[in-house]
Amino acid sequence: MRLVVKVGSSTLSHKTGKVNLRIIDKLCRVLADLDNGGNEVILVSSGAIAMGVGKLKLAQRPADIPGKQAAAAVGQCELMYAYDKCFSDYDRTVAQILLTADDVKDEERRVNFENTLGRLLSLGVIPVINENDTVATGEIAVGDNDTLAAIVAVSVGADLLVLLTDTDGLYTGDPRTDAGARLVDVVEEITPELYAAAGGSGSLLGTGGMCTKLQAAKTCMDNGIDMVIARGSEPAVLYDILEGKSAGTRFKGKKI
């Protein structure tokens, strides 16, 4: 199976913005094991800005573009250092790929990206992809890593995209405020009602929300790719997902 896993900032970092080493180690262990099992694994990772906030000891996430880019430049080093160290413990080599919207919209650059990604996978390398937050502004920004993960999944013909986040999946309402909200197990069609139930970003350190995840799901579904939203605090949930067990919310790709 060709698997794309996206992990969000709120999962990778403590509320202080500093690296959650326990979660990163668990994630690397599971992904290395899935790779050992013959799967091709691609990781799309948020966290650069959030980790930069912690590394720079800032009181909060910068509101201005240069501040965010500075935090991303510092945090990306921290992020890749953590991944390189943890994956090395499980005898896995990683590669960093930073993208902007232009890299996937321009045909020649997109083909170069796909060729590089294919060669890395053939060499047994686990690619770690993030938006190039240091330079991505306005028209060259993808916008969020949920969207980026869906673009990557379609570009590489993935079998499955899993979004690991700080919630168990898609609910019929906001479970933080609605006691009657229930988890949706399977979605076969993205409806206006689902968008209405989606809220904003769940974390001060993150940029995505359930709406961006629904948009990513639609992109995948329209291209025949299944997508799952699941809680990332226990990365072992990936085993259940790949075995077809009930975990999180599965969006069924439209099979032609």
# chains A, B, ... in the order shown; residues from 1 in each chain; ligands from 1

call {"tool": "residues_around", "arguments": {"residues": "range 165-175 of chain A", "least_positions_apart": "4", "cutoff": "9 Å", "atoms": "only C-alpha atoms", "output": "ChimeraX atom specification"}}
result
/A:6-11,179-185,193-194,196-199,202-203,210,214,228-233,247-250

call {"tool": "write_last_selection", "arguments": {"atoms": "C-alpha atoms", "output": "PDB file, in the first residue's frame"}}
result
ATOM      1  CA  LYS A   6      -0.381  13.844   7.684  1.00  0.00           C
ATOM      2  CA  VAL A   7       0.206  14.902  11.285  1.00  0.00           C
ATOM      3  CA  GLY A   8      -0.847  18.268  12.674  1.00  0.00           C
ATOM      4  CA  SER A   9       0.945  20.826  14.820  1.00  0.00           C
ATOM      5  CA  SER A  10      -1.282  20.282  17.842  1.00  0.00           C
ATOM      6  CA  THR A  11      -0.362  16.580  17.850  1.00  0.00           C
ATOM      7  CA  ALA A 179     -22.857  16.771  24.381  1.00  0.00           C
ATOM      8  CA  GLY A 180     -25.035  15.064  21.778  1.00  0.00           C
ATOM      9  CA  ALA A 181     -22.416  15.115  19.020  1.00  0.00           C
ATOM     10  CA  ARG A 182     -21.618  11.637  17.701  1.00  0.00           C
ATOM     11  CA  LEU A 183     -18.699  10.301  15.737  1.00  0.00           C
ATOM     12  CA  VAL A 184     -19.381   9.609  12.050  1.00  0.00           C
ATOM     13  CA  ASP A 185     -17.847   6.248  11.114  1.00  0.00           C
ATOM     14  CA  GLU A 193     -24.672  19.390   6.286  1.00  0.00           C
ATOM     15  CA  LEU A 194     -21.171  18.038   6.936  1.00  0.00           C
ATOM     16  CA  ALA A 196     -22.168  23.051   8.540  1.00  0.00           C
ATOM     17  CA  ALA A 197     -21.114  20.713  11.350  1.00  0.00           C
ATOM     18  CA  ALA A 198     -17.417  21.528  10.883  1.00  0.00           C
ATOM     19  CA  GLY A 199     -15.842  24.197  13.084  1.00  0.00           C
ATOM     20  CA  GLY A 202      -9.080  23.494  17.250  1.00  0.00           C
ATOM     21  CA  SER A 203      -5.686  24.689  18.461  1.00  0.00           C
ATOM     22  CA  MET A 210     -12.425  20.343  10.156  1.00  0.00           C
ATOM     23  CA  LEU A 214     -13.457  17.958   4.513  1.00  0.00           C
ATOM     24  CA  VAL A 228      -9.326   8.690   7.293  1.00  0.00           C
ATOM     25  CA  ILE A 229      -9.372  11.265  10.086  1.00  0.00           C
ATOM     26  CA  ALA A 230      -8.176   9.830  13.421  1.00  0.00           C
ATOM     27  CA  ARG A 231      -6.679  10.942  16.708  1.00  0.00           C
ATOM     28  CA  GLY A 232      -2.898  11.239  16.498  1.00  0.00           C
ATOM     29  CA  SER A 233      -2.007  10.962  20.174  1.00  0.00           C
ATOM     30  CA  ALA A 247     -11.113   3.758  13.608  1.00  0.00           C
ATOM     31  CA  GLY A 248     -11.842   7.440  13.215  1.00  0.00           C
ATOM     32  CA  THR A 249     -13.899   8.558  10.218  1.00  0.00           C
ATOM     33  CA  ARG A 250     -13.297   6.936   6.822  1.00  0.00           C
TER      34      ARG A 250
END

call {"tool": "residues_around", "arguments": {"residues": "range 69-85 of chain A", "least_positions_apart": "5", "cutoff": "10 Å", "atoms": "only C-alpha atoms", "output": "number ranges by chain"}}
result
A: 12, 17-21, 24-25, 27-28, 45-56, 58, 61-62, 64, 90-96, 98, 128, 130-137

call {"tool": "select_by_dssp", "arguments": {"residues": "range 32-212 of chain A", "states": "alpha helix (DSSP H)", "output": "ChimeraX atom specification"}}
result
/A:32-36,48-55,65-89,101-105,107-122,145-155,192-197,210-212

call {"tool": "atom_distance", "arguments": {"atom1": "CA of Asn39 in chain A", "atom2": "CA of Val104 in chain A"}}
result
24.2 Å

call {"tool": "closest_residue", "arguments": {"among": "A:Ile97, A:Ile42, A:Val162, A:Val152", "to": "Leu238 in chain A", "atoms": "only C-alpha atoms"}}
result
A:Val162

call {"tool": "closest_residue", "arguments": {"among": "A:Leu164, A:Leu3, A:Leu123, A:Val41", "to": "Ile225 in chain A", "atoms": "only C-alpha atoms"}}
result
A:Leu3
